[in-house]
$ cat my_file_9.txt   # compact mmCIF, N, CA, C and O atoms and all ligand atoms
# COMPACT_ATOMS: atom_id res chain seq x y z
N MET A 412 -54.89 -117.20 11.80
CA MET A 412 -54.35 -118.53 12.06
C MET A 412 -53.00 -118.43 12.75
O MET A 412 -52.28 -117.46 12.59
N ALA A 413 -52.69 -119.45 13.50
CA ALA A 413 -51.45 -119.44 14.27
C ALA A 413 -50.24 -119.48 13.35
O ALA A 413 -50.22 -120.21 12.36
N ALA A 414 -49.28 -118.68 13.67
CA ALA A 414 -48.04 -118.70 12.91
C ALA A 414 -47.26 -119.98 13.24
O ALA A 414 -47.52 -120.62 14.25
N GLU A 415 -46.33 -120.32 12.38
CA GLU A 415 -45.54 -121.52 12.60
C GLU A 415 -44.83 -121.43 13.94
O GLU A 415 -44.21 -120.43 14.27
N GLY A 416 -44.91 -122.50 14.72
CA GLY A 416 -44.25 -122.52 16.01
C GLY A 416 -45.06 -121.89 17.12
O GLY A 416 -44.66 -121.93 18.28
N ASP A 417 -46.21 -121.34 16.79
CA ASP A 417 -47.07 -120.76 17.82
C ASP A 417 -47.76 -121.85 18.62
O ASP A 417 -48.33 -122.77 18.06
N VAL A 418 -47.72 -121.72 19.92
CA VAL A 418 -48.39 -122.69 20.79
C VAL A 418 -49.53 -121.96 21.49
O VAL A 418 -49.31 -120.95 22.14
N PRO A 419 -50.74 -122.46 21.33
CA PRO A 419 -51.88 -121.79 21.99
C PRO A 419 -51.78 -121.89 23.51
O PRO A 419 -51.13 -122.79 24.04
N ASP A 420 -52.43 -120.95 24.18
CA ASP A 420 -52.37 -120.86 25.65
C ASP A 420 -52.75 -122.16 26.35
O ASP A 420 -52.18 -122.52 27.36
N TRP A 421 -53.74 -122.87 25.79
CA TRP A 421 -54.26 -124.06 26.47
C TRP A 421 -53.37 -125.27 26.30
O TRP A 421 -53.54 -126.28 26.98
N LEU A 422 -52.41 -125.17 25.38
CA LEU A 422 -51.53 -126.32 25.13
C LEU A 422 -50.31 -126.23 26.04
O LEU A 422 -49.29 -125.65 25.68
N THR A 423 -50.45 -126.79 27.25
CA THR A 423 -49.37 -126.73 28.22
C THR A 423 -49.15 -128.13 28.79
O THR A 423 -50.07 -128.96 28.79
N VAL A 424 -47.94 -128.37 29.27
CA VAL A 424 -47.63 -129.67 29.87
C VAL A 424 -48.56 -129.92 31.04
O VAL A 424 -48.74 -129.05 31.90
N GLY A 425 -49.18 -131.09 31.05
CA GLY A 425 -50.13 -131.43 32.11
C GLY A 425 -51.56 -131.06 31.77
O GLY A 425 -52.48 -131.43 32.49
N GLY A 426 -51.76 -130.33 30.66
CA GLY A 426 -53.10 -129.92 30.27
C GLY A 426 -53.88 -131.08 29.64
O GLY A 426 -53.30 -131.98 29.05
N SER A 427 -55.20 -131.04 29.80
CA SER A 427 -56.06 -132.07 29.22
C SER A 427 -56.52 -131.63 27.84
O SER A 427 -56.94 -130.49 27.66
N VAL A 428 -56.39 -132.55 26.88
CA VAL A 428 -56.77 -132.22 25.51
C VAL A 428 -57.66 -133.32 24.94
O VAL A 428 -57.74 -134.43 25.46
N THR A 429 -58.34 -132.97 23.85
CA THR A 429 -59.13 -133.94 23.11
C THR A 429 -58.65 -133.92 21.66
O THR A 429 -58.47 -132.85 21.09
N HIS A 430 -58.44 -135.10 21.10
CA HIS A 430 -58.02 -135.21 19.71
C HIS A 430 -59.16 -135.82 18.90
O HIS A 430 -59.85 -136.72 19.38
N GLY A 431 -59.35 -135.32 17.68
CA GLY A 431 -60.45 -135.76 16.84
C GLY A 431 -60.49 -137.26 16.60
O GLY A 431 -61.55 -137.85 16.45
N THR A 432 -59.35 -137.91 16.56
CA THR A 432 -59.27 -139.35 16.30
C THR A 432 -58.96 -140.15 17.55
O THR A 432 -59.56 -141.18 17.80
N PHE A 433 -58.00 -139.66 18.34
CA PHE A 433 -57.46 -140.47 19.43
C PHE A 433 -58.17 -140.25 20.76
O PHE A 433 -57.92 -140.96 21.73
N GLY A 434 -59.03 -139.25 20.83
CA GLY A 434 -59.78 -139.02 22.06
C GLY A 434 -59.02 -138.18 23.06
O GLY A 434 -58.17 -137.37 22.69
N THR A 435 -59.32 -138.39 24.33
CA THR A 435 -58.77 -137.52 25.36
C THR A 435 -57.37 -137.96 25.78
O THR A 435 -56.99 -139.12 25.64
N GLY A 436 -56.63 -136.99 26.31
CA GLY A 436 -55.28 -137.29 26.76
C GLY A 436 -54.70 -136.12 27.53
O GLY A 436 -55.36 -135.10 27.75
N THR A 437 -53.45 -136.30 27.96
CA THR A 437 -52.75 -135.30 28.74
C THR A 437 -51.45 -134.93 28.03
O THR A 437 -50.73 -135.82 27.58
N VAL A 438 -51.16 -133.65 27.95
CA VAL A 438 -49.92 -133.21 27.30
C VAL A 438 -48.74 -133.60 28.18
O VAL A 438 -48.67 -133.23 29.35
N GLY A 439 -47.82 -134.37 27.60
CA GLY A 439 -46.66 -134.82 28.36
C GLY A 439 -45.44 -133.95 28.12
O GLY A 439 -44.61 -133.77 29.00
N ARG A 440 -45.33 -133.40 26.93
CA ARG A 440 -44.12 -132.66 26.58
C ARG A 440 -44.40 -131.80 25.36
O ARG A 440 -45.19 -132.15 24.49
N LEU A 441 -43.73 -130.67 25.33
CA LEU A 441 -43.73 -129.81 24.14
C LEU A 441 -42.28 -129.60 23.75
O LEU A 441 -41.42 -129.38 24.60
N GLY A 442 -41.99 -129.70 22.47
CA GLY A 442 -40.60 -129.51 22.06
C GLY A 442 -40.47 -129.66 20.57
O GLY A 442 -41.41 -129.40 19.83
N GLU A 443 -39.30 -130.10 20.15
CA GLU A 443 -39.06 -130.30 18.74
C GLU A 443 -38.70 -131.74 18.48
O GLU A 443 -38.00 -132.38 19.26
N TYR A 444 -39.22 -132.27 17.39
CA TYR A 444 -38.85 -133.59 16.95
C TYR A 444 -38.45 -133.48 15.50
O TYR A 444 -39.25 -133.06 14.66
N LYS A 445 -37.20 -133.81 15.22
CA LYS A 445 -36.65 -133.67 13.86
C LYS A 445 -36.89 -132.26 13.32
O LYS A 445 -37.30 -132.07 12.17
N GLY A 446 -36.71 -131.26 14.18
CA GLY A 446 -36.82 -129.87 13.75
C GLY A 446 -38.25 -129.35 13.66
O GLY A 446 -38.46 -128.18 13.36
N GLU A 447 -39.23 -130.21 13.92
CA GLU A 447 -40.63 -129.79 13.86
C GLU A 447 -41.16 -129.53 15.26
O GLU A 447 -40.97 -130.36 16.16
N PRO A 448 -41.83 -128.38 15.46
CA PRO A 448 -42.50 -128.17 16.75
C PRO A 448 -43.51 -129.29 16.97
O PRO A 448 -44.33 -129.57 16.10
N THR A 449 -43.40 -129.93 18.12
CA THR A 449 -44.14 -131.18 18.36
C THR A 449 -44.73 -131.19 19.75
O THR A 449 -44.15 -130.64 20.69
N VAL A 450 -45.89 -131.81 19.88
CA VAL A 450 -46.47 -132.04 21.20
C VAL A 450 -46.61 -133.55 21.40
O VAL A 450 -47.03 -134.27 20.49
N TRP A 451 -46.19 -134.01 22.57
CA TRP A 451 -46.36 -135.42 22.93
C TRP A 451 -47.58 -135.51 23.85
O TRP A 451 -47.66 -134.81 24.86
N VAL A 452 -48.50 -136.37 23.46
CA VAL A 452 -49.72 -136.52 24.26
C VAL A 452 -49.83 -137.96 24.75
O VAL A 452 -49.69 -138.91 23.97
N ASP A 453 -50.07 -138.09 26.07
CA ASP A 453 -50.36 -139.41 26.64
C ASP A 453 -51.86 -139.61 26.54
O ASP A 453 -52.63 -139.08 27.34
N PHE A 454 -52.27 -140.37 25.52
CA PHE A 454 -53.70 -140.54 25.31
C PHE A 454 -54.28 -141.54 26.30
O PHE A 454 -53.65 -142.55 26.63
N ASP A 455 -55.48 -141.24 26.75
CA ASP A 455 -56.12 -142.07 27.78
C ASP A 455 -56.40 -143.49 27.30
O ASP A 455 -56.53 -144.40 28.10
N TYR A 456 -56.46 -143.69 25.99
CA TYR A 456 -56.69 -145.07 25.51
C TYR A 456 -55.45 -145.93 25.69
O TYR A 456 -55.52 -147.14 25.62
N GLY A 457 -54.27 -145.30 25.93
CA GLY A 457 -53.12 -146.11 26.33
C GLY A 457 -51.82 -145.87 25.61
O GLY A 457 -50.84 -146.55 25.90
N GLU A 458 -51.76 -144.93 24.68
CA GLU A 458 -50.52 -144.70 23.97
C GLU A 458 -50.07 -143.26 24.05
O GLU A 458 -50.89 -142.36 24.13
N ARG A 459 -48.73 -143.08 24.00
CA ARG A 459 -48.18 -141.73 23.85
C ARG A 459 -47.91 -141.49 22.37
O ARG A 459 -47.33 -142.34 21.71
N LYS A 460 -48.35 -140.35 21.90
CA LYS A 460 -48.11 -140.03 20.50
C LYS A 460 -47.45 -138.67 20.37
O LYS A 460 -47.77 -137.75 21.12
N ALA A 461 -46.55 -138.58 19.42
CA ALA A 461 -45.93 -137.30 19.07
C ALA A 461 -46.69 -136.73 17.88
O ALA A 461 -46.83 -137.38 16.85
N LEU A 462 -47.23 -135.53 18.04
CA LEU A 462 -47.98 -134.88 16.97
C LEU A 462 -47.28 -133.60 16.60
O LEU A 462 -46.98 -132.77 17.47
N SER A 463 -47.00 -133.42 15.31
CA SER A 463 -46.43 -132.14 14.90
C SER A 463 -47.50 -131.08 15.07
O SER A 463 -48.68 -131.33 14.85
N LEU A 464 -47.07 -129.89 15.48
CA LEU A 464 -48.06 -128.82 15.65
C LEU A 464 -48.72 -128.49 14.32
O LEU A 464 -49.90 -128.19 14.26
N GLU A 465 -47.93 -128.56 13.26
CA GLU A 465 -48.47 -128.18 11.96
C GLU A 465 -49.68 -129.04 11.58
O GLU A 465 -50.70 -128.53 11.15
N PHE A 466 -49.55 -130.35 11.75
CA PHE A 466 -50.64 -131.24 11.32
C PHE A 466 -51.51 -131.70 12.48
O PHE A 466 -52.68 -132.02 12.29
N GLY A 467 -50.92 -131.75 13.67
CA GLY A 467 -51.67 -132.28 14.81
C GLY A 467 -52.56 -131.26 15.49
O GLY A 467 -53.65 -131.58 15.97
N LEU A 468 -52.09 -130.02 15.51
CA LEU A 468 -52.82 -129.00 16.27
C LEU A 468 -54.25 -128.76 15.79
O LEU A 468 -55.15 -128.61 16.61
N PRO A 469 -54.47 -128.77 14.47
CA PRO A 469 -55.87 -128.55 14.03
C PRO A 469 -56.85 -129.59 14.55
O PRO A 469 -58.05 -129.34 14.59
N ARG A 470 -56.37 -130.76 14.95
CA ARG A 470 -57.25 -131.83 15.43
C ARG A 470 -57.34 -131.85 16.95
O ARG A 470 -58.07 -132.66 17.52
N LEU A 471 -56.54 -131.01 17.61
CA LEU A 471 -56.53 -130.98 19.07
C LEU A 471 -57.33 -129.80 19.59
O LEU A 471 -57.33 -128.73 18.99
N SER A 472 -57.98 -130.01 20.72
CA SER A 472 -58.65 -128.90 21.39
C SER A 472 -58.56 -129.15 22.89
O SER A 472 -58.31 -130.26 23.33
N PRO A 473 -58.73 -128.08 23.68
CA PRO A 473 -58.71 -128.30 25.12
C PRO A 473 -59.88 -129.19 25.51
O PRO A 473 -60.97 -129.05 24.97
N ARG A 474 -59.64 -130.14 26.42
CA ARG A 474 -60.73 -131.03 26.84
C ARG A 474 -61.71 -130.26 27.71
O ARG A 474 -61.31 -129.59 28.66
N LYS A 475 -62.97 -130.35 27.35
CA LYS A 475 -64.01 -129.71 28.15
C LYS A 475 -64.30 -130.56 29.38
O LYS A 475 -64.11 -131.77 29.36
N ARG A 476 -64.79 -129.90 30.40
CA ARG A 476 -65.06 -130.62 31.65
C ARG A 476 -66.07 -131.74 31.44
O ARG A 476 -66.07 -132.74 32.13
N TRP A 477 -66.96 -131.55 30.49
CA TRP A 477 -68.02 -132.54 30.29
C TRP A 477 -67.64 -133.60 29.25
O TRP A 477 -68.44 -134.46 28.95
N THR A 478 -66.45 -133.50 28.70
CA THR A 478 -66.02 -134.53 27.76
C THR A 478 -65.59 -135.77 28.53
O THR A 478 -64.72 -135.70 29.39
N ARG A 479 -66.22 -136.88 28.21
CA ARG A 479 -65.89 -138.12 28.89
C ARG A 479 -64.50 -138.58 28.47
O ARG A 479 -64.16 -138.54 27.28
N ARG A 480 -63.71 -139.05 29.43
CA ARG A 480 -62.38 -139.56 29.09
C ARG A 480 -62.50 -140.82 28.25
O ARG A 480 -63.33 -141.68 28.51
N THR A 481 -61.63 -140.92 27.24
CA THR A 481 -61.61 -142.10 26.41
C THR A 481 -61.17 -143.30 27.25
O THR A 481 -60.14 -143.23 27.91
N PRO A 482 -61.93 -144.38 27.25
CA PRO A 482 -61.56 -145.52 28.10
C PRO A 482 -60.27 -146.19 27.60
O PRO A 482 -60.02 -146.24 26.40
N PRO A 483 -59.44 -146.68 28.52
CA PRO A 483 -58.21 -147.36 28.12
C PRO A 483 -58.50 -148.68 27.42
O PRO A 483 -59.43 -149.38 27.78
N ARG A 484 -57.72 -148.95 26.41
CA ARG A 484 -57.85 -150.26 25.74
C ARG A 484 -57.08 -151.28 26.55
O ARG A 484 -55.88 -151.14 26.78
N PRO A 485 -57.75 -152.36 26.99
CA PRO A 485 -57.11 -153.33 27.88
C PRO A 485 -55.92 -154.04 27.24
O PRO A 485 -55.04 -154.52 27.95
N ASP A 486 -55.89 -154.09 25.91
CA ASP A 486 -54.78 -154.80 25.26
C ASP A 486 -53.52 -153.95 25.17
O ASP A 486 -52.45 -154.46 24.84
N LEU A 487 -53.64 -152.66 25.45
CA LEU A 487 -52.47 -151.80 25.35
C LEU A 487 -51.80 -151.65 26.71
O LEU A 487 -52.13 -150.78 27.50
N ARG A 488 -50.86 -152.55 26.96
CA ARG A 488 -50.10 -152.51 28.21
C ARG A 488 -48.67 -152.91 27.91
O ARG A 488 -48.42 -153.71 27.01
N CYS A 489 -47.75 -152.41 28.72
CA CYS A 489 -46.35 -152.78 28.58
C CYS A 489 -46.20 -154.30 28.71
O CYS A 489 -46.75 -154.90 29.63
N ASP A 490 -45.47 -154.91 27.77
CA ASP A 490 -45.25 -156.35 27.80
C ASP A 490 -44.52 -156.78 29.06
O ASP A 490 -44.64 -157.93 29.50
N VAL A 491 -43.74 -155.89 29.64
CA VAL A 491 -42.91 -156.26 30.79
C VAL A 491 -43.64 -156.01 32.11
O VAL A 491 -43.74 -156.90 32.95
N CYS A 492 -44.16 -154.80 32.29
CA CYS A 492 -44.69 -154.45 33.61
C CYS A 492 -46.19 -154.15 33.60
O CYS A 492 -46.80 -154.01 34.66
N GLY A 493 -46.80 -154.04 32.41
CA GLY A 493 -48.23 -153.81 32.35
C GLY A 493 -48.65 -152.36 32.51
O GLY A 493 -49.83 -152.06 32.58
N GLN A 494 -47.67 -151.46 32.56
CA GLN A 494 -47.99 -150.04 32.74
C GLN A 494 -48.36 -149.37 31.42
O GLN A 494 -48.09 -149.88 30.34
N ARG A 495 -48.96 -148.20 31.54
CA ARG A 495 -49.26 -147.33 30.42
C ARG A 495 -48.72 -145.95 30.76
O ARG A 495 -48.49 -145.67 31.93
N PRO A 496 -48.61 -145.03 29.83
CA PRO A 496 -48.89 -145.24 28.41
C PRO A 496 -47.75 -145.93 27.69
O PRO A 496 -46.61 -145.92 28.16
N LEU A 497 -48.08 -146.48 26.56
CA LEU A 497 -47.08 -147.10 25.72
C LEU A 497 -46.47 -146.06 24.80
O LEU A 497 -47.12 -145.11 24.42
N VAL A 498 -45.22 -146.30 24.46
CA VAL A 498 -44.56 -145.39 23.53
C VAL A 498 -44.33 -146.12 22.22
O VAL A 498 -44.33 -147.35 22.17
N LEU A 499 -44.14 -145.37 21.18
CA LEU A 499 -43.86 -145.96 19.88
C LEU A 499 -42.54 -146.70 19.95
O LEU A 499 -41.59 -146.24 20.55
N ASN A 500 -42.48 -147.85 19.34
CA ASN A 500 -41.20 -148.53 19.24
C ASN A 500 -41.12 -149.18 17.87
O ASN A 500 -42.11 -149.35 17.18
N THR A 501 -39.91 -149.54 17.51
CA THR A 501 -39.68 -149.98 16.13
C THR A 501 -39.71 -151.49 15.99
O THR A 501 -39.56 -152.01 14.90
N HIS A 502 -39.92 -152.21 17.10
CA HIS A 502 -39.83 -153.67 17.03
C HIS A 502 -41.19 -154.33 17.24
O HIS A 502 -41.26 -155.53 17.44
N GLY A 503 -42.24 -153.56 17.21
CA GLY A 503 -43.56 -154.14 17.40
C GLY A 503 -43.82 -154.60 18.81
O GLY A 503 -44.75 -155.34 19.07
N GLN A 504 -42.95 -154.17 19.74
CA GLN A 504 -43.16 -154.53 21.14
C GLN A 504 -44.00 -153.45 21.80
O GLN A 504 -43.90 -152.28 21.45
N MET A 505 -44.79 -153.84 22.76
CA MET A 505 -45.60 -152.88 23.49
C MET A 505 -44.94 -152.65 24.84
O MET A 505 -44.95 -153.51 25.71
N LEU A 506 -44.34 -151.49 24.97
CA LEU A 506 -43.54 -151.20 26.14
C LEU A 506 -43.84 -149.81 26.68
O LEU A 506 -44.16 -148.90 25.92
N CYS A 507 -43.69 -149.67 27.98
CA CYS A 507 -43.82 -148.35 28.59
C CYS A 507 -42.52 -147.57 28.36
O CYS A 507 -41.55 -148.10 27.83
N ASP A 508 -42.53 -146.33 28.79
CA ASP A 508 -41.37 -145.46 28.64
C ASP A 508 -40.09 -146.09 29.17
O ASP A 508 -39.07 -146.16 28.49
N ASP A 509 -40.14 -146.56 30.42
CA ASP A 509 -38.96 -147.14 31.06
C ASP A 509 -38.41 -148.33 30.29
O ASP A 509 -37.23 -148.42 30.02
N HIS A 510 -39.31 -149.24 29.94
CA HIS A 510 -38.85 -150.46 29.30
C HIS A 510 -38.49 -150.24 27.84
O HIS A 510 -37.61 -150.92 27.31
N ALA A 511 -39.14 -149.31 27.17
CA ALA A 511 -38.76 -148.99 25.80
C ALA A 511 -37.32 -148.49 25.76
O ALA A 511 -36.57 -148.79 24.85
N ALA A 512 -36.92 -147.73 26.79
CA ALA A 512 -35.57 -147.20 26.86
C ALA A 512 -34.55 -148.34 26.92
O ALA A 512 -33.48 -148.27 26.33
N HIS A 513 -34.89 -149.42 27.62
CA HIS A 513 -33.99 -150.56 27.72
C HIS A 513 -33.79 -151.26 26.38
O HIS A 513 -32.74 -151.81 26.10
N PHE A 514 -34.83 -151.22 25.57
CA PHE A 514 -34.77 -151.96 24.30
C PHE A 514 -34.25 -151.09 23.16
O PHE A 514 -34.03 -151.57 22.07
N ARG A 515 -34.08 -149.80 23.43
CA ARG A 515 -33.73 -148.88 22.36
C ARG A 515 -32.31 -149.11 21.87
O ARG A 515 -32.01 -148.95 20.70
N ALA A 516 -31.42 -149.48 22.79
CA ALA A 516 -30.03 -149.71 22.41
C ALA A 516 -29.95 -150.94 21.50
O ALA A 516 -29.51 -150.86 20.40
ZN ZN B 1 -42.84 -151.39 31.46
$ encode --input "my_file_9.txt" --output "structure tokens"
Amino acid sequence: MAAEGDVPDWLTVGGSVTHGTFGTGTVGRLGEYKGEPTVWVDFDYGERKALSLEFGLPRLSPRKRWTRRTPPRPDLRCDVCGQRPLVLNTHGQMLCDDHAAHFRA
């Protein structure tokens, strides 16, 4: 089994992945969040999620060529510009990366 902090070869920025619950997506970033090795995935259904490697990695696998992309949910769009993916926010607003940054302050 992978040691703590180990990142498998297929888990690279820009790589296509499949998650057991959230479906297909693209790796946006690898790094640390609150001291935990974390991967940020832009899921094709419309949201960006941060997954800790410890708990998230067992549910992730490289997307196979024959795996159908998860269709986007039409209700998941930025309230301001309609773009995706959406990022987590604390106010229940649905915002893209750019607009979430404006509301963060
Ligand atoms: Zn926006």
$ closest_residue --input "my_file_9.txt" --among "A:Gly493, A:Pro448, A:Gly434, A:Pro419" --to "A:Ala461" --atoms "only N, CA, C and O atoms"
A:Pro448
$ closest_atom_pairs --input "my_file_9.txt" --of "chain A" --to "ligand ZN 1 (chain B)" --cutoff "6 Å" --atoms "all atoms listed in the file" --output "Markdown table"
| residue | atom | partner | partner_atom | distance |
| --- | --- | --- | --- | --- |
| A:Cys489 | CA | B:ZN1 | ZN | 4.7 |
| A:Asp490 | N | B:ZN1 | ZN | 5.7 |
| A:Val491 | C | B:ZN1 | ZN | 4.7 |
| A:Cys492 | N | B:ZN1 | ZN | 3.7 |
| A:Gly493 | N | B:ZN1 | ZN | 4.9 |
| A:Gln494 | N | B:ZN1 | ZN | 5.0 |
| A:Leu506 | C | B:ZN1 | ZN | 5.1 |
| A:Cys507 | N | B:ZN1 | ZN | 4.0 |
| A:Asp508 | N | B:ZN1 | ZN | 5.7 |
| A:Asp509 | C | B:ZN1 | ZN | 5.5 |
| A:His510 | N | B:ZN1 | ZN | 4.4 |
$ atom_distance --input "my_file_9.txt" --atom1 "atom O of A:Glu458" --atom2 "atom CA of A:Gly446"
21.5 Å
$ closest_residue --input "my_file_9.txt" --among "A:Arg484, A:Pro473, A:His502, A:Gly426" --to "A:Phe514" --atoms "only N, CA, C and O atoms"
A:His502
$ residues_around --input "my_file_9.txt" --residues "A:Gly425" --least-positions-apart "2" --cutoff "5 Å" --atoms "only N, CA, C and O atoms" --output "MDAnalysis selection string"
chainID A and resid 423 427 438:439
$ residues_around --input "my_file_9.txt" --residues "A:Val418" --least-positions-apart "5" --cutoff "10 Å" --atoms "only C-alpha atoms" --output "PyMOL selection string"
chain A and resi 413+423+441+448-450+464+468
$ write_last_selection --input "my_file_9.txt" --atoms "N, CA, C and O atoms" --output "PDB file, keeping the file's coordinate frame"
ATOM      1  N   ALA A 413     -52.690-119.450  13.500  1.00  0.00           N
ATOM      2  CA  ALA A 413     -51.450-119.440  14.270  1.00  0.00           C
ATOM      3  C   ALA A 413     -50.240-119.480  13.350  1.00  0.00           C
ATOM      4  O   ALA A 413     -50.220-120.210  12.360  1.00  0.00           O
ATOM      5  N   THR A 423     -50.450-126.790  27.250  1.00  0.00           N
ATOM      6  CA  THR A 423     -49.370-126.730  28.220  1.00  0.00           C
ATOM      7  C   THR A 423     -49.150-128.130  28.790  1.00  0.00           C
ATOM      8  O   THR A 423     -50.070-128.960  28.790  1.00  0.00           O
ATOM      9  N   LEU A 441     -43.730-130.670  25.330  1.00  0.00           N
ATOM     10  CA  LEU A 441     -43.730-129.810  24.140  1.00  0.00           C
ATOM     11  C   LEU A 441     -42.280-129.600  23.750  1.00  0.00           C
ATOM     12  O   LEU A 441     -41.420-129.380  24.600  1.00  0.00           O
ATOM     13  N   PRO A 448     -41.830-128.380  15.460  1.00  0.00           N
ATOM     14  CA  PRO A 448     -42.500-128.170  16.750  1.00  0.00           C
ATOM     15  C   PRO A 448     -43.510-129.290  16.970  1.00  0.00           C
ATOM     16  O   PRO A 448     -44.330-129.570  16.100  1.00  0.00           O
ATOM     17  N   THR A 449     -43.400-129.930  18.120  1.00  0.00           N
ATOM     18  CA  THR A 449     -44.140-131.180  18.360  1.00  0.00           C
ATOM     19  C   THR A 449     -44.730-131.190  19.750  1.00  0.00           C
ATOM     20  O   THR A 449     -44.150-130.640  20.690  1.00  0.00           O
ATOM     21  N   VAL A 450     -45.890-131.810  19.880  1.00  0.00           N
ATOM     22  CA  VAL A 450     -46.470-132.040  21.200  1.00  0.00           C
ATOM     23  C   VAL A 450     -46.610-133.550  21.400  1.00  0.00           C
ATOM     24  O   VAL A 450     -47.030-134.270  20.490  1.00  0.00           O
ATOM     25  N   LEU A 464     -47.070-129.890  15.480  1.00  0.00           N
ATOM     26  CA  LEU A 464     -48.060-128.820  15.650  1.00  0.00           C
ATOM     27  C   LEU A 464     -48.720-128.490  14.320  1.00  0.00           C
ATOM     28  O   LEU A 464     -49.900-128.190  14.260  1.00  0.00           O
ATOM     29  N   LEU A 468     -52.090-130.020  15.510  1.00  0.00           N
ATOM     30  CA  LEU A 468     -52.820-129.000  16.270  1.00  0.00           C
ATOM     31  C   LEU A 468     -54.250-128.760  15.790  1.00  0.00           C
ATOM     32  O   LEU A 468     -55.150-128.610  16.610  1.00  0.00           O
TER      33      LEU A 468
END
$ closest_residue --input "my_file_9.txt" --among "A:Arg440, A:His430, A:His513, A:Arg495" --to "A:Leu471" --atoms "only C-alpha atoms"
A:His430
$ atom_distance --input "my_file_9.txt" --atom1 "atom CA of A:Tyr444" --atom2 "atom N of A:Leu487"
25.6 Å
$ atom_distance --input "my_file_9.txt" --atom1 "atom N of A:Gly442" --atom2 "atom C of A:Lys475"
23.4 Å
$ select_by_dssp --input "my_file_9.txt" --residues "chain A" --states "helix (DSSP H, G or I)" --output "PyMOL selection string"
chain A and resi 464-470+508-515
$ select_by_dssp --input "my_file_9.txt" --residues "stretch 457-513 of chain A" --states "strand (DSSP E)" --output "compact mmCIF listing (two decimals) with N, CA, C and O atoms, keeping the file's coordinate frame"
# COMPACT_ATOMS: atom_id res chain seq x y z
N ARG A 459 -48.73 -143.08 24.00
CA ARG A 459 -48.18 -141.73 23.85
C ARG A 459 -47.91 -141.49 22.37
O ARG A 459 -47.33 -142.34 21.71
N LYS A 460 -48.35 -140.35 21.90
CA LYS A 460 -48.11 -140.03 20.50
C LYS A 460 -47.45 -138.67 20.37
O LYS A 460 -47.77 -137.75 21.12
N ALA A 461 -46.55 -138.58 19.42
CA ALA A 461 -45.93 -137.30 19.07
C ALA A 461 -46.69 -136.73 17.88
O ALA A 461 -46.83 -137.38 16.85
N LEU A 462 -47.23 -135.53 18.04
CA LEU A 462 -47.98 -134.88 16.97
C LEU A 462 -47.28 -133.60 16.60
O LEU A 462 -46.98 -132.77 17.47
N SER A 463 -47.00 -133.42 15.31
CA SER A 463 -46.43 -132.14 14.90
C SER A 463 -47.50 -131.08 15.07
O SER A 463 -48.68 -131.33 14.85
N LEU A 471 -56.54 -131.01 17.61
CA LEU A 471 -56.53 -130.98 19.07
C LEU A 471 -57.33 -129.80 19.59
O LEU A 471 -57.33 -128.73 18.99
N SER A 472 -57.98 -130.01 20.72
CA SER A 472 -58.65 -128.90 21.39
C SER A 472 -58.56 -129.15 22.89
O SER A 472 -58.31 -130.26 23.33
N PRO A 473 -58.73 -128.08 23.68
CA PRO A 473 -58.71 -128.30 25.12
C PRO A 473 -59.88 -129.19 25.51
O PRO A 473 -60.97 -129.05 24.97
N LEU A 497 -48.08 -146.48 26.56
CA LEU A 497 -47.08 -147.10 25.72
C LEU A 497 -46.47 -146.06 24.80
O LEU A 497 -47.12 -145.11 24.42
N VAL A 498 -45.22 -146.30 24.46
CA VAL A 498 -44.56 -145.39 23.53
C VAL A 498 -44.33 -146.12 22.22
O VAL A 498 -44.33 -147.35 22.17
N LEU A 506 -44.34 -151.49 24.97
CA LEU A 506 -43.54 -151.20 26.14
C LEU A 506 -43.84 -149.81 26.68
O LEU A 506 -44.16 -148.90 25.92
N CYS A 507 -43.69 -149.67 27.98
CA CYS A 507 -43.82 -148.35 28.59
C CYS A 507 -42.52 -147.57 28.36
O CYS A 507 -41.55 -148.10 27.83
$ closest_residue --input "my_file_9.txt" --among "A:Tyr456, A:Phe466, A:Trp451, A:Phe433" --to "A:Arg488" --atoms "only N, CA, C and O atoms"
A:Tyr456
$ closest_residue --input "my_file_9.txt" --among "A:Arg459, A:Phe454, A:Gln504, A:Arg470" --to "A:Thr429" --atoms "only N, CA, C and O atoms"
A:Arg470
